[in-house]
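Chemist: Sharing a structure below in structure tokens format, with a few things to ask.
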Protein chains: 2
Amino acid sequence: MPRTRRGRPGPLPLLDAEPAERADAARNRRKILAATRGLIARRPLERISLDEVAEAAGVGVGTVYRRFGDRSGLAYALLDESERALQESFLRGGPPLGPGAPPAERILAFLHAYLHRLLGELDLMLAAETAAPNGRHTGAYSTHRAHLATLLAELRPEGDDPGWLADALLAPLAAPLVRHQTRELGMTEAQIGAGLGLLVQALTAGSCAGAPRGQAAGDMPPEP
Amino acid sequence: MPRTRRGRPGPLPLLDAEPAERADAARNRRKILAATRGLIARRPLERISLDEVAEAAGVGVGTVYRRFGDRSGLAYALLDESERALQESFLRGGPPLGPGAPPAERILAFLHAYLHRLLGELDLMLAAETAAPNGRHTGAYSTHRAHLATLLAELRPEGDDPGWLADALLAPLAAPLVRHQTRELGMTEAQIGAGLGLLVQALTAGSCAGAPRGQAAGDMPPEP
DNA sequence: AACGTAAACGGAGAACTCTCCGCTTCACAA
DNA sequence: TTGTGAAGCGGAGAGTTCTCCGTTTACGTT
């Protein structure tokens, strides 16, 4: 049961100003990350022991644990890059993901983008979330949640709980659920995307603009 | 990494006709369950090692693993009773949970009932789901999903994917999320229940019956 | 350049999880 | 009863996770 966790250099929270990382520490961090990427290419992170990572990186196990806390910490670090890219695009990118589009569109664009990334890095996401025991403590989760909550508050000013709604929109995109849907039930990205579209549409129609059901989602990444 | 799992005597799937359990096996199963309940009274299952359970039950570790596979199997077995009660009430109980009420009401009643039970046994649910690694393989999950999917298909015959929608309604009730909401964010059962009400209402209004926003959820178990 | 200290390292080892497989027990039948 | 095969048992041990703490290293200061 992991207890430590430094979250040092600057992963997800995206806003830091800490004492600065020592050169040897940075070097080791990079070595560990690189070694892990190498191992991941052969089999999923869940099946790689951290001893193995340490050996491949040429450091002691203690160092791995010091830097990353546990396997899920390592997974988060590996996800950092795409997380930053995602945050960048919804915070400062162009519409419909970034500012400029109406809230319903931004919400849907975000969910689609998140889904797309999730499917692209499912194994890592799984490793990060599983064993976490709570991915919700991550800066990443709360950033996503806050983003959605803001848009939802814009969408429906009538006073319901945007925080909970954000959780509810993110929940169907939990890695283990999506893994089950795609890998066991055979669902495609398009199907899940359509479901999300439906949900957002229903939420939008709350103030009942007529909601002409039947055209679900149109803008999805391709799928065979 | 657990591999076995017998699911023998008759837990969740609710429909079995197997060779019958041997007397000594049944006795041991009961001893293990009883011992676990005793230990759980003192601290959460996550912090109890299965060696400890075995010792308290007076059996070998091997026996614990044979019967329950792993910690989450044990948790599922412990949850069996309330699971059966829940299934009983939505399958054969009176409205609005059981047959007889309109689908939207049954859906909401089910979600509220599930939430109520979840909060009552949060720690066990957490232990069952965490480490599972996929609570979705449980007979219980697919029963719930199927139930909701049926009702959703009735609610909105227009052809969208009731299976996915069922997942999406169940997802916000994932144990780790709800734990975070209640124990860390301080949300109450009523708040979560209201959110669920909103969601179901939005889904109902899909065919746009006017949806007079603002009366959210009315029928909730009490909360201070 | 040498120093001092805060930070980082690493590996031994404690604690667990889970498996393997020879031995024991049950239940049914003769 | 006694025999017999299937089912169940249990504990040794392999493989992991994670911690602890004495040793080493980096780097601002003198």
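Chain labels run A, B, ... following the order of the structure tokens; each chain numbers its residues from 1, and ligands are numbered from 1 in the order shown.
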List as a Markdown table every residue of chain C that is in contact with chain A, defined as an atom at most 9 Å from one of its atoms (using only C-alpha atoms (C1' of nucleotides)), together with the nearest atom pair and the distance in Å rounded to one decimal, sorted by chain and then rising number.

Modeler:
| residue | atom | partner | partner_atom | distance |
| --- | --- | --- | --- | --- |
| C:DA7 | C1' | A:Arg22 | CA | 7.9 |
| C:DA8 | C1' | A:Ala25 | CA | 6.7 |
| C:DC9 | C1' | A:Thr63 | CA | 6.4 |
| C:DG10 | C1' | A:Gly60 | CA | 4.6 |
| C:DG11 | C1' | A:Gly60 | CA | 7.0 |

Chemist: Next, dump the selected residues to file, keeping only C-alpha atoms (C1' of nucleotides), as an mmCIF file, in the first residue's frame.

Modeler:
data_model
loop_
_atom_site.group_PDB
_atom_site.id
_atom_site.type_symbol
_atom_site.label_atom_id
_atom_site.label_comp_id
_atom_site.auth_asym_id
_atom_site.auth_seq_id
_atom_site.Cartn_x
_atom_site.Cartn_y
_atom_site.Cartn_z
ATOM 1 C "C1'" DA C 7 18.878 16.004 -0.923
ATOM 2 C "C1'" DA C 8 19.181 11.799 -3.155
ATOM 3 C "C1'" DC C 9 20.565 6.959 -3.448
ATOM 4 C "C1'" DG C 10 20.177 1.970 -3.054
ATOM 5 C "C1'" DG C 11 19.693 -2.410 -1.292
#

Chemist: Between chain B and chain A, at 6 Å or less, what are the per-residue closest atom pairs and their distances in Å? Count only C-alpha atoms, order by chain and rising residue number, and return it as CSV.

Modeler:
residue,atom,partner,partner_atom,distance
B:Ala168,CA,A:Pro172,CA,4.9
B:Ala171,CA,A:Ala171,CA,5.2
B:Pro172,CA,A:Ala168,CA,5.0
B:Ala202,CA,A:Ala202,CA,5.1
B:Leu203,CA,A:Ala202,CA,5.6
B:Gly206,CA,A:Ala202,CA,5.7

Chemist: Please produce a file of those selected residues containing all heavy atoms, as a PDB file, in the first residue's frame.

Modeler:
ATOM      1  N   ALA B 168     -23.521   4.573 -18.443  1.00  0.00           N
ATOM      2  CA  ALA B 168     -23.316   5.983 -18.121  1.00  0.00           C
ATOM      3  C   ALA B 168     -24.090   6.398 -16.876  1.00  0.00           C
ATOM      4  O   ALA B 168     -23.665   7.295 -16.149  1.00  0.00           O
ATOM      5  CB  ALA B 168     -23.730   6.849 -19.308  1.00  0.00           C
ATOM      6  N   ALA B 171     -22.117   4.685 -13.931  1.00  0.00           N
ATOM      7  CA  ALA B 171     -20.744   5.155 -13.721  1.00  0.00           C
ATOM      8  C   ALA B 171     -20.598   6.207 -12.624  1.00  0.00           C
ATOM      9  O   ALA B 171     -19.652   6.147 -11.840  1.00  0.00           O
ATOM     10  CB  ALA B 171     -20.162   5.671 -15.035  1.00  0.00           C
ATOM     11  N   PRO B 172     -21.538   7.162 -12.534  1.00  0.00           N
ATOM     12  CA  PRO B 172     -21.372   8.152 -11.460  1.00  0.00           C
ATOM     13  C   PRO B 172     -21.561   7.535 -10.083  1.00  0.00           C
ATOM     14  O   PRO B 172     -21.348   8.193  -9.072  1.00  0.00           O
ATOM     15  CB  PRO B 172     -22.490   9.165 -11.723  1.00  0.00           C
ATOM     16  CG  PRO B 172     -22.932   8.929 -13.110  1.00  0.00           C
ATOM     17  CD  PRO B 172     -22.663   7.498 -13.419  1.00  0.00           C
ATOM     18  N   ALA B 202     -33.349  14.742 -17.604  1.00  0.00           N
ATOM     19  CA  ALA B 202     -32.856  15.217 -18.891  1.00  0.00           C
ATOM     20  C   ALA B 202     -33.036  14.142 -19.958  1.00  0.00           C
ATOM     21  O   ALA B 202     -33.462  14.417 -21.077  1.00  0.00           O
ATOM     22  CB  ALA B 202     -31.387  15.596 -18.776  1.00  0.00           C
ATOM     23  N   LEU B 203     -32.743  12.929 -19.576  1.00  0.00           N
ATOM     24  CA  LEU B 203     -32.877  11.822 -20.515  1.00  0.00           C
ATOM     25  C   LEU B 203     -34.340  11.608 -20.889  1.00  0.00           C
ATOM     26  O   LEU B 203     -34.672  11.261 -22.023  1.00  0.00           O
ATOM     27  CB  LEU B 203     -32.331  10.551 -19.860  1.00  0.00           C
ATOM     28  CG  LEU B 203     -31.031   9.954 -20.397  1.00  0.00           C
ATOM     29  CD1 LEU B 203     -30.241  10.937 -21.237  1.00  0.00           C
ATOM     30  CD2 LEU B 203     -30.191   9.415 -19.270  1.00  0.00           C
ATOM     31  N   GLY B 206     -35.749  14.006 -23.401  1.00  0.00           N
ATOM     32  CA  GLY B 206     -35.164  13.853 -24.726  1.00  0.00           C
ATOM     33  C   GLY B 206     -36.221  13.973 -25.797  1.00  0.00           C
ATOM     34  O   GLY B 206     -36.041  14.652 -26.807  1.00  0.00           O
TER      35      GLY B 206
END

Chemist: Pairing the C-alpha atoms in order across the whole chain, superpose chain B onto chain A by least squares and write the result as a PDB file with C-alpha atoms, in the first residue's frame.

Modeler:
ATOM      1  CA  MET B   1       0.084   0.649   0.244  1.00  0.00           C
ATOM      2  CA  PRO B   2       1.818   3.725  -1.129  1.00  0.00           C
ATOM      3  CA  ARG B   3       2.163   6.646   1.135  1.00  0.00           C
ATOM      4  CA  THR B   4       4.715   8.968  -0.373  1.00  0.00           C
ATOM      5  CA  ARG B   5       4.381  10.979  -3.566  1.00  0.00           C
ATOM      6  CA  ARG B   6       6.373  14.013  -4.420  1.00  0.00           C
ATOM      7  CA  GLY B   7       4.861  15.166  -7.690  1.00  0.00           C
ATOM      8  CA  ARG B   8       7.939  17.182  -7.980  1.00  0.00           C
ATOM      9  CA  PRO B   9       9.205  18.441 -11.317  1.00  0.00           C
ATOM     10  CA  GLY B  10       6.005  19.713 -12.748  1.00  0.00           C
ATOM     11  CA  PRO B  11       3.600  17.099 -13.906  1.00  0.00           C
ATOM     12  CA  LEU B  12      -0.055  17.621 -14.021  1.00  0.00           C
ATOM     13  CA  PRO B  13      -1.016  20.483 -11.763  1.00  0.00           C
ATOM     14  CA  LEU B  14       0.508  22.745 -14.389  1.00  0.00           C
ATOM     15  CA  LEU B  15       1.352  25.504 -11.961  1.00  0.00           C
ATOM     16  CA  ASP B  16       4.458  25.223  -9.829  1.00  0.00           C
ATOM     17  CA  ALA B  17       7.413  27.138  -8.524  1.00  0.00           C
ATOM     18  CA  GLU B  18       9.368  24.705  -6.393  1.00  0.00           C
ATOM     19  CA  PRO B  19      12.996  24.649  -5.225  1.00  0.00           C
ATOM     20  CA  ALA B  20      14.181  23.119  -8.518  1.00  0.00           C
ATOM     21  CA  GLU B  21      15.265  19.559  -9.043  1.00  0.00           C
ATOM     22  CA  ARG B  22      18.802  18.502  -8.435  1.00  0.00           C
ATOM     23  CA  ALA B  23      20.775  17.418 -11.482  1.00  0.00           C
ATOM     24  CA  ASP B  24      21.320  13.825 -10.407  1.00  0.00           C
ATOM     25  CA  ALA B  25      17.709  13.497  -9.489  1.00  0.00           C
ATOM     26  CA  ALA B  26      16.612  14.766 -12.860  1.00  0.00           C
ATOM     27  CA  ARG B  27      18.978  12.388 -14.576  1.00  0.00           C
ATOM     28  CA  ASN B  28      17.613   9.447 -12.665  1.00  0.00           C
ATOM     29  CA  ARG B  29      14.066  10.473 -13.324  1.00  0.00           C
ATOM     30  CA  ARG B  30      14.787  10.559 -17.016  1.00  0.00           C
ATOM     31  CA  LYS B  31      16.525   7.207 -16.902  1.00  0.00           C
ATOM     32  CA  ILE B  32      13.619   5.601 -15.118  1.00  0.00           C
ATOM     33  CA  LEU B  33      11.059   7.051 -17.491  1.00  0.00           C
ATOM     34  CA  ALA B  34      13.065   5.973 -20.520  1.00  0.00           C
ATOM     35  CA  ALA B  35      13.580   2.478 -19.164  1.00  0.00           C
ATOM     36  CA  THR B  36       9.888   2.191 -18.435  1.00  0.00           C
ATOM     37  CA  ARG B  37       8.945   3.240 -21.925  1.00  0.00           C
ATOM     38  CA  GLY B  38      11.257   0.582 -23.217  1.00  0.00           C
ATOM     39  CA  LEU B  39       9.699  -2.111 -21.083  1.00  0.00           C
ATOM     40  CA  ILE B  40       6.172  -0.988 -21.859  1.00  0.00           C
ATOM     41  CA  ALA B  41       6.770  -1.611 -25.522  1.00  0.00           C
ATOM     42  CA  ARG B  42       6.947  -5.319 -24.722  1.00  0.00           C
ATOM     43  CA  ARG B  43       4.143  -5.784 -22.223  1.00  0.00           C
ATOM     44  CA  PRO B  44       1.641  -3.691 -20.256  1.00  0.00           C
ATOM     45  CA  LEU B  45       2.857  -1.797 -17.228  1.00  0.00           C
ATOM     46  CA  GLU B  46       0.711  -3.869 -14.889  1.00  0.00           C
ATOM     47  CA  ARG B  47       2.888  -6.835 -15.568  1.00  0.00           C
ATOM     48  CA  ILE B  48       6.178  -5.100 -15.027  1.00  0.00           C
ATOM     49  CA  SER B  49       7.572  -5.141 -11.529  1.00  0.00           C
ATOM     50  CA  LEU B  50       9.160  -1.994 -10.246  1.00  0.00           C
ATOM     51  CA  ASP B  51      12.253  -3.955  -9.342  1.00  0.00           C
ATOM     52  CA  GLU B  52      12.545  -4.672 -12.989  1.00  0.00           C
ATOM     53  CA  VAL B  53      12.135  -1.029 -13.892  1.00  0.00           C
ATOM     54  CA  ALA B  54      14.817  -0.127 -11.402  1.00  0.00           C
ATOM     55  CA  GLU B  55      17.198  -2.639 -12.792  1.00  0.00           C
ATOM     56  CA  ALA B  56      16.563  -1.613 -16.375  1.00  0.00           C
ATOM     57  CA  ALA B  57      17.143   1.989 -15.409  1.00  0.00           C
ATOM     58  CA  GLY B  58      20.264   1.128 -13.484  1.00  0.00           C
ATOM     59  CA  VAL B  59      19.068   2.622 -10.202  1.00  0.00           C
ATOM     60  CA  GLY B  60      17.961   1.130  -6.904  1.00  0.00           C
ATOM     61  CA  VAL B  61      14.359   0.291  -6.195  1.00  0.00           C
ATOM     62  CA  GLY B  62      14.301   2.913  -3.509  1.00  0.00           C
ATOM     63  CA  THR B  63      14.908   5.549  -6.112  1.00  0.00           C
ATOM     64  CA  VAL B  64      11.980   4.483  -8.198  1.00  0.00           C
ATOM     65  CA  TYR B  65       9.717   4.602  -5.192  1.00  0.00           C
ATOM     66  CA  ARG B  66      11.124   7.920  -4.057  1.00  0.00           C
ATOM     67  CA  ARG B  67      10.405   9.552  -7.410  1.00  0.00           C
ATOM     68  CA  PHE B  68       7.109   8.019  -8.352  1.00  0.00           C
ATOM     69  CA  GLY B  69       5.563   6.564  -5.257  1.00  0.00           C
ATOM     70  CA  ASP B  70       4.202   3.479  -6.993  1.00  0.00           C
ATOM     71  CA  ARG B  71       3.264   2.033 -10.308  1.00  0.00           C
ATOM     72  CA  SER B  72       0.422   4.417 -10.849  1.00  0.00           C
ATOM     73  CA  GLY B  73       2.685   7.385 -10.160  1.00  0.00           C
ATOM     74  CA  LEU B  74       4.939   6.130 -12.865  1.00  0.00           C
ATOM     75  CA  ALA B  75       2.003   5.809 -15.206  1.00  0.00           C
ATOM     76  CA  TYR B  76       0.901   9.360 -14.466  1.00  0.00           C
ATOM     77  CA  ALA B  77       4.363  10.648 -15.229  1.00  0.00           C
ATOM     78  CA  LEU B  78       4.303   8.814 -18.526  1.00  0.00           C
ATOM     79  CA  LEU B  79       0.954  10.367 -19.320  1.00  0.00           C
ATOM     80  CA  ASP B  80       2.154  13.833 -18.502  1.00  0.00           C
ATOM     81  CA  GLU B  81       2.947  14.828 -22.045  1.00  0.00           C
ATOM     82  CA  SER B  82      -0.440  14.087 -23.528  1.00  0.00           C
ATOM     83  CA  GLU B  83      -2.106  15.558 -20.471  1.00  0.00           C
ATOM     84  CA  ARG B  84      -0.325  18.826 -20.998  1.00  0.00           C
ATOM     85  CA  ALA B  85      -1.301  18.838 -24.654  1.00  0.00           C
ATOM     86  CA  LEU B  86      -4.925  18.250 -23.754  1.00  0.00           C
ATOM     87  CA  GLN B  87      -4.956  20.974 -21.140  1.00  0.00           C
ATOM     88  CA  GLU B  88      -3.264  23.326 -23.535  1.00  0.00           C
ATOM     89  CA  SER B  89      -5.918  22.827 -26.170  1.00  0.00           C
ATOM     90  CA  PHE B  90      -8.932  23.316 -24.001  1.00  0.00           C
ATOM     91  CA  LEU B  91      -7.442  26.195 -22.062  1.00  0.00           C
ATOM     92  CA  ARG B  92      -5.799  28.137 -24.850  1.00  0.00           C
ATOM     93  CA  GLY B  93      -6.529  26.337 -28.119  1.00  0.00           C
ATOM     94  CA  GLY B  94      -9.071  27.296 -30.747  1.00  0.00           C
ATOM     95  CA  PRO B  95     -12.787  26.452 -30.722  1.00  0.00           C
ATOM     96  CA  PRO B  96     -14.637  24.251 -30.315  1.00  0.00           C
ATOM     97  CA  LEU B  97     -12.221  22.806 -27.716  1.00  0.00           C
ATOM     98  CA  GLY B  98     -10.817  26.118 -26.623  1.00  0.00           C
ATOM     99  CA  PRO B  99     -12.571  29.350 -25.706  1.00  0.00           C
ATOM    100  CA  GLY B 100     -14.874  30.874 -28.229  1.00  0.00           C
ATOM    101  CA  ALA B 101     -17.464  28.195 -28.851  1.00  0.00           C
ATOM    102  CA  PRO B 102     -20.754  27.883 -26.962  1.00  0.00           C
ATOM    103  CA  PRO B 103     -20.541  25.746 -23.824  1.00  0.00           C
ATOM    104  CA  ALA B 104     -22.408  22.721 -25.112  1.00  0.00           C
ATOM    105  CA  GLU B 105     -20.016  22.436 -28.007  1.00  0.00           C
ATOM    106  CA  ARG B 106     -16.985  22.877 -25.835  1.00  0.00           C
ATOM    107  CA  ILE B 107     -18.190  20.229 -23.446  1.00  0.00           C
ATOM    108  CA  LEU B 108     -18.764  17.752 -26.211  1.00  0.00           C
ATOM    109  CA  ALA B 109     -15.461  18.597 -27.856  1.00  0.00           C
ATOM    110  CA  PHE B 110     -13.680  18.056 -24.583  1.00  0.00           C
ATOM    111  CA  LEU B 111     -15.330  14.718 -23.969  1.00  0.00           C
ATOM    112  CA  HIS B 112     -14.497  13.575 -27.470  1.00  0.00           C
ATOM    113  CA  ALA B 113     -10.904  14.707 -27.121  1.00  0.00           C
ATOM    114  CA  TYR B 114     -10.605  12.982 -23.782  1.00  0.00           C
ATOM    115  CA  LEU B 115     -12.097   9.798 -25.171  1.00  0.00           C
ATOM    116  CA  HIS B 116      -9.727   9.873 -28.103  1.00  0.00           C
ATOM    117  CA  ARG B 117      -6.717  10.253 -25.922  1.00  0.00           C
ATOM    118  CA  LEU B 118      -8.014   7.624 -23.517  1.00  0.00           C
ATOM    119  CA  LEU B 119      -8.275   5.075 -26.278  1.00  0.00           C
ATOM    120  CA  GLY B 120      -4.838   5.977 -27.511  1.00  0.00           C
ATOM    121  CA  GLU B 121      -3.257   5.323 -24.138  1.00  0.00           C
ATOM    122  CA  LEU B 122      -5.696   2.926 -22.588  1.00  0.00           C
ATOM    123  CA  ASP B 123      -3.150   0.683 -20.953  1.00  0.00           C
ATOM    124  CA  LEU B 124      -1.322   3.522 -19.302  1.00  0.00           C
ATOM    125  CA  MET B 125      -4.546   5.146 -18.195  1.00  0.00           C
ATOM    126  CA  LEU B 126      -5.620   1.863 -16.740  1.00  0.00           C
ATOM    127  CA  ALA B 127      -2.391   1.475 -14.844  1.00  0.00           C
ATOM    128  CA  ALA B 128      -2.648   5.027 -13.592  1.00  0.00           C
ATOM    129  CA  GLU B 129      -6.201   4.674 -12.400  1.00  0.00           C
ATOM    130  CA  THR B 130      -6.108   1.155 -11.097  1.00  0.00           C
ATOM    131  CA  ALA B 131      -4.077   0.892  -7.955  1.00  0.00           C
ATOM    132  CA  ALA B 132      -4.339   4.646  -7.682  1.00  0.00           C
ATOM    133  CA  PRO B 133      -6.704   3.965  -5.551  1.00  0.00           C
ATOM    134  CA  ASN B 134      -8.285   7.247  -6.462  1.00  0.00           C
ATOM    135  CA  GLY B 135      -7.385   8.937  -9.688  1.00  0.00           C
ATOM    136  CA  ARG B 136      -9.483  11.751  -8.409  1.00  0.00           C
ATOM    137  CA  HIS B 137      -6.704  13.157  -6.322  1.00  0.00           C
ATOM    138  CA  THR B 138      -4.675  13.897  -9.366  1.00  0.00           C
ATOM    139  CA  GLY B 139      -4.346  17.458 -10.410  1.00  0.00           C
ATOM    140  CA  ALA B 140      -5.446  16.243 -13.825  1.00  0.00           C
ATOM    141  CA  TYR B 141      -8.810  14.977 -12.686  1.00  0.00           C
ATOM    142  CA  SER B 142      -9.704  18.102 -10.818  1.00  0.00           C
ATOM    143  CA  THR B 143      -8.605  20.274 -13.696  1.00  0.00           C
ATOM    144  CA  HIS B 144     -10.889  18.397 -16.042  1.00  0.00           C
ATOM    145  CA  ARG B 145     -13.658  18.472 -13.542  1.00  0.00           C
ATOM    146  CA  ALA B 146     -13.304  22.187 -12.969  1.00  0.00           C
ATOM    147  CA  HIS B 147     -13.263  22.873 -16.663  1.00  0.00           C
ATOM    148  CA  LEU B 148     -16.442  20.930 -17.247  1.00  0.00           C
ATOM    149  CA  ALA B 149     -18.106  22.374 -14.194  1.00  0.00           C
ATOM    150  CA  THR B 150     -17.498  25.903 -15.452  1.00  0.00           C
ATOM    151  CA  LEU B 151     -18.958  25.128 -18.833  1.00  0.00           C
ATOM    152  CA  LEU B 152     -21.893  23.334 -17.272  1.00  0.00           C
ATOM    153  CA  ALA B 153     -22.618  26.282 -15.044  1.00  0.00           C
ATOM    154  CA  GLU B 154     -22.737  28.424 -18.148  1.00  0.00           C
ATOM    155  CA  LEU B 155     -24.927  25.922 -19.925  1.00  0.00           C
ATOM    156  CA  ARG B 156     -27.499  25.612 -17.204  1.00  0.00           C
ATOM    157  CA  PRO B 157     -27.503  28.579 -14.868  1.00  0.00           C
ATOM    158  CA  GLU B 158     -30.611  27.278 -13.131  1.00  0.00           C
ATOM    159  CA  GLY B 159     -28.764  26.227 -10.062  1.00  0.00           C
ATOM    160  CA  ASP B 160     -28.152  22.544 -10.183  1.00  0.00           C
ATOM    161  CA  ASP B 161     -24.852  21.124  -9.123  1.00  0.00           C
ATOM    162  CA  PRO B 162     -22.273  21.565 -11.890  1.00  0.00           C
ATOM    163  CA  GLY B 163     -19.582  19.792  -9.900  1.00  0.00           C
ATOM    164  CA  TRP B 164     -21.583  16.630  -9.661  1.00  0.00           C
ATOM    165  CA  LEU B 165     -22.614  16.851 -13.280  1.00  0.00           C
ATOM    166  CA  ALA B 166     -18.987  17.143 -14.271  1.00  0.00           C
ATOM    167  CA  ASP B 167     -18.226  13.975 -12.324  1.00  0.00           C
ATOM    168  CA  ALA B 168     -21.160  12.314 -14.001  1.00  0.00           C
ATOM    169  CA  LEU B 169     -19.927  13.220 -17.473  1.00  0.00           C
ATOM    170  CA  LEU B 170     -16.411  12.090 -16.715  1.00  0.00           C
ATOM    171  CA  ALA B 171     -17.461   8.866 -15.042  1.00  0.00           C
ATOM    172  CA  PRO B 172     -18.480   7.034 -18.219  1.00  0.00           C
ATOM    173  CA  LEU B 173     -14.940   7.688 -19.419  1.00  0.00           C
ATOM    174  CA  ALA B 174     -13.304   5.833 -16.573  1.00  0.00           C
ATOM    175  CA  ALA B 175     -10.530   3.709 -18.016  1.00  0.00           C
ATOM    176  CA  PRO B 176     -11.705   0.347 -16.719  1.00  0.00           C
ATOM    177  CA  LEU B 177     -15.223   0.862 -18.023  1.00  0.00           C
ATOM    178  CA  VAL B 178     -14.062   1.971 -21.435  1.00  0.00           C
ATOM    179  CA  ARG B 179     -11.639  -0.905 -21.610  1.00  0.00           C
ATOM    180  CA  HIS B 180     -14.475  -3.282 -20.969  1.00  0.00           C
ATOM    181  CA  GLN B 181     -16.681  -1.620 -23.549  1.00  0.00           C
ATOM    182  CA  THR B 182     -14.112  -1.608 -26.296  1.00  0.00           C
ATOM    183  CA  ARG B 183     -12.094  -4.719 -25.622  1.00  0.00           C
ATOM    184  CA  GLU B 184     -14.815  -7.024 -24.439  1.00  0.00           C
ATOM    185  CA  LEU B 185     -18.067  -5.643 -25.765  1.00  0.00           C
ATOM    186  CA  GLY B 186     -16.506  -4.523 -29.013  1.00  0.00           C
ATOM    187  CA  MET B 187     -17.828  -0.983 -28.905  1.00  0.00           C
ATOM    188  CA  THR B 188     -16.137   1.568 -31.112  1.00  0.00           C
ATOM    189  CA  GLU B 189     -14.988   5.086 -30.413  1.00  0.00           C
ATOM    190  CA  ALA B 190     -17.818   6.330 -32.585  1.00  0.00           C
ATOM    191  CA  GLN B 191     -20.434   4.520 -30.520  1.00  0.00           C
ATOM    192  CA  ILE B 192     -19.133   5.850 -27.266  1.00  0.00           C
ATOM    193  CA  GLY B 193     -18.789   9.287 -28.786  1.00  0.00           C
ATOM    194  CA  ALA B 194     -22.381   9.132 -29.927  1.00  0.00           C
ATOM    195  CA  GLY B 195     -23.487   8.216 -26.451  1.00  0.00           C
ATOM    196  CA  LEU B 196     -21.660  11.192 -25.042  1.00  0.00           C
ATOM    197  CA  GLY B 197     -23.278  13.369 -27.675  1.00  0.00           C
ATOM    198  CA  LEU B 198     -26.644  12.139 -26.560  1.00  0.00           C
ATOM    199  CA  LEU B 199     -25.941  12.867 -22.961  1.00  0.00           C
ATOM    200  CA  VAL B 200     -24.757  16.388 -23.612  1.00  0.00           C
ATOM    201  CA  GLN B 201     -27.701  16.982 -25.870  1.00  0.00           C
ATOM    202  CA  ALA B 202     -30.095  15.823 -23.204  1.00  0.00           C
ATOM    203  CA  LEU B 203     -28.462  18.085 -20.679  1.00  0.00           C
ATOM    204  CA  THR B 204     -28.657  20.983 -23.103  1.00  0.00           C
ATOM    205  CA  ALA B 205     -32.292  20.355 -23.826  1.00  0.00           C
ATOM    206  CA  GLY B 206     -32.941  20.674 -20.105  1.00  0.00           C
ATOM    207  CA  SER B 207     -34.187  24.165 -20.768  1.00  0.00           C
ATOM    208  CA  CYS B 208     -36.032  22.400 -23.575  1.00  0.00           C
ATOM    209  CA  ALA B 209     -35.187  24.069 -26.839  1.00  0.00           C
ATOM    210  CA  GLY B 210     -37.005  21.400 -28.761  1.00  0.00           C
ATOM    211  CA  ALA B 211     -34.307  18.743 -28.957  1.00  0.00           C
ATOM    212  CA  PRO B 212     -35.011  17.149 -32.334  1.00  0.00           C
ATOM    213  CA  ARG B 213     -33.724  13.668 -31.443  1.00  0.00           C
ATOM    214  CA  GLY B 214     -32.084  11.576 -34.080  1.00  0.00           C
ATOM    215  CA  GLN B 215     -28.961  13.381 -35.266  1.00  0.00           C
ATOM    216  CA  ALA B 216     -26.776  12.358 -32.329  1.00  0.00           C
ATOM    217  CA  ALA B 217     -23.060  12.974 -32.945  1.00  0.00           C
ATOM    218  CA  GLY B 218     -21.613  14.107 -36.225  1.00  0.00           C
ATOM    219  CA  ASP B 219     -18.045  15.174 -35.580  1.00  0.00           C
ATOM    220  CA  MET B 220     -16.026  12.173 -34.571  1.00  0.00           C
ATOM    221  CA  PRO B 221     -12.536  10.952 -35.287  1.00  0.00           C
ATOM    222  CA  PRO B 222     -12.686   8.234 -37.975  1.00  0.00           C
ATOM    223  CA  GLU B 223     -13.393   4.615 -37.172  1.00  0.00           C
ATOM    224  CA  PRO B 224     -13.529   1.504 -39.428  1.00  0.00           C
TER     225      PRO B 224
END

Chemist: Could you go through region 2-217 of chain B and tell me which residues DSSP, when run on the backbone, assigns to helix (DSSP H, G or I), listing them as number ranges by chain?

Modeler: B: 23-40, 45-47, 50-57, 61-68, 71-92, 103-120, 122-129, 135-137, 139-155, 162-173, 175-184, 189-207

Chemist: Can you check which residues of chain D have any atom within 8 Å of chain B? Use only C-alpha atoms (C1' of nucleotides) and format it as a count of residues only.

Modeler: 5

Chemist: Which of these, D:DT2, D:DT30, D:DT16, D:DT25, has the shortest distance to DC3 (chain C) once you count only C-alpha atoms (C1' of nucleotides)?

Modeler: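 Residue with the minimum atom-to-atom distance to DC3 (chain C): D:DT30.
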
Chemist: In Å, how far is it from C1' of DG4 (chain C) to C1' of DC21 (chain D)?

Modeler: 20.4 Å

Chemist: Can you measure C1' of DG22 (chain C) to C1' of DT4 (chain D) for me? One decimal in Å is fine.

Modeler: 17.9 Å
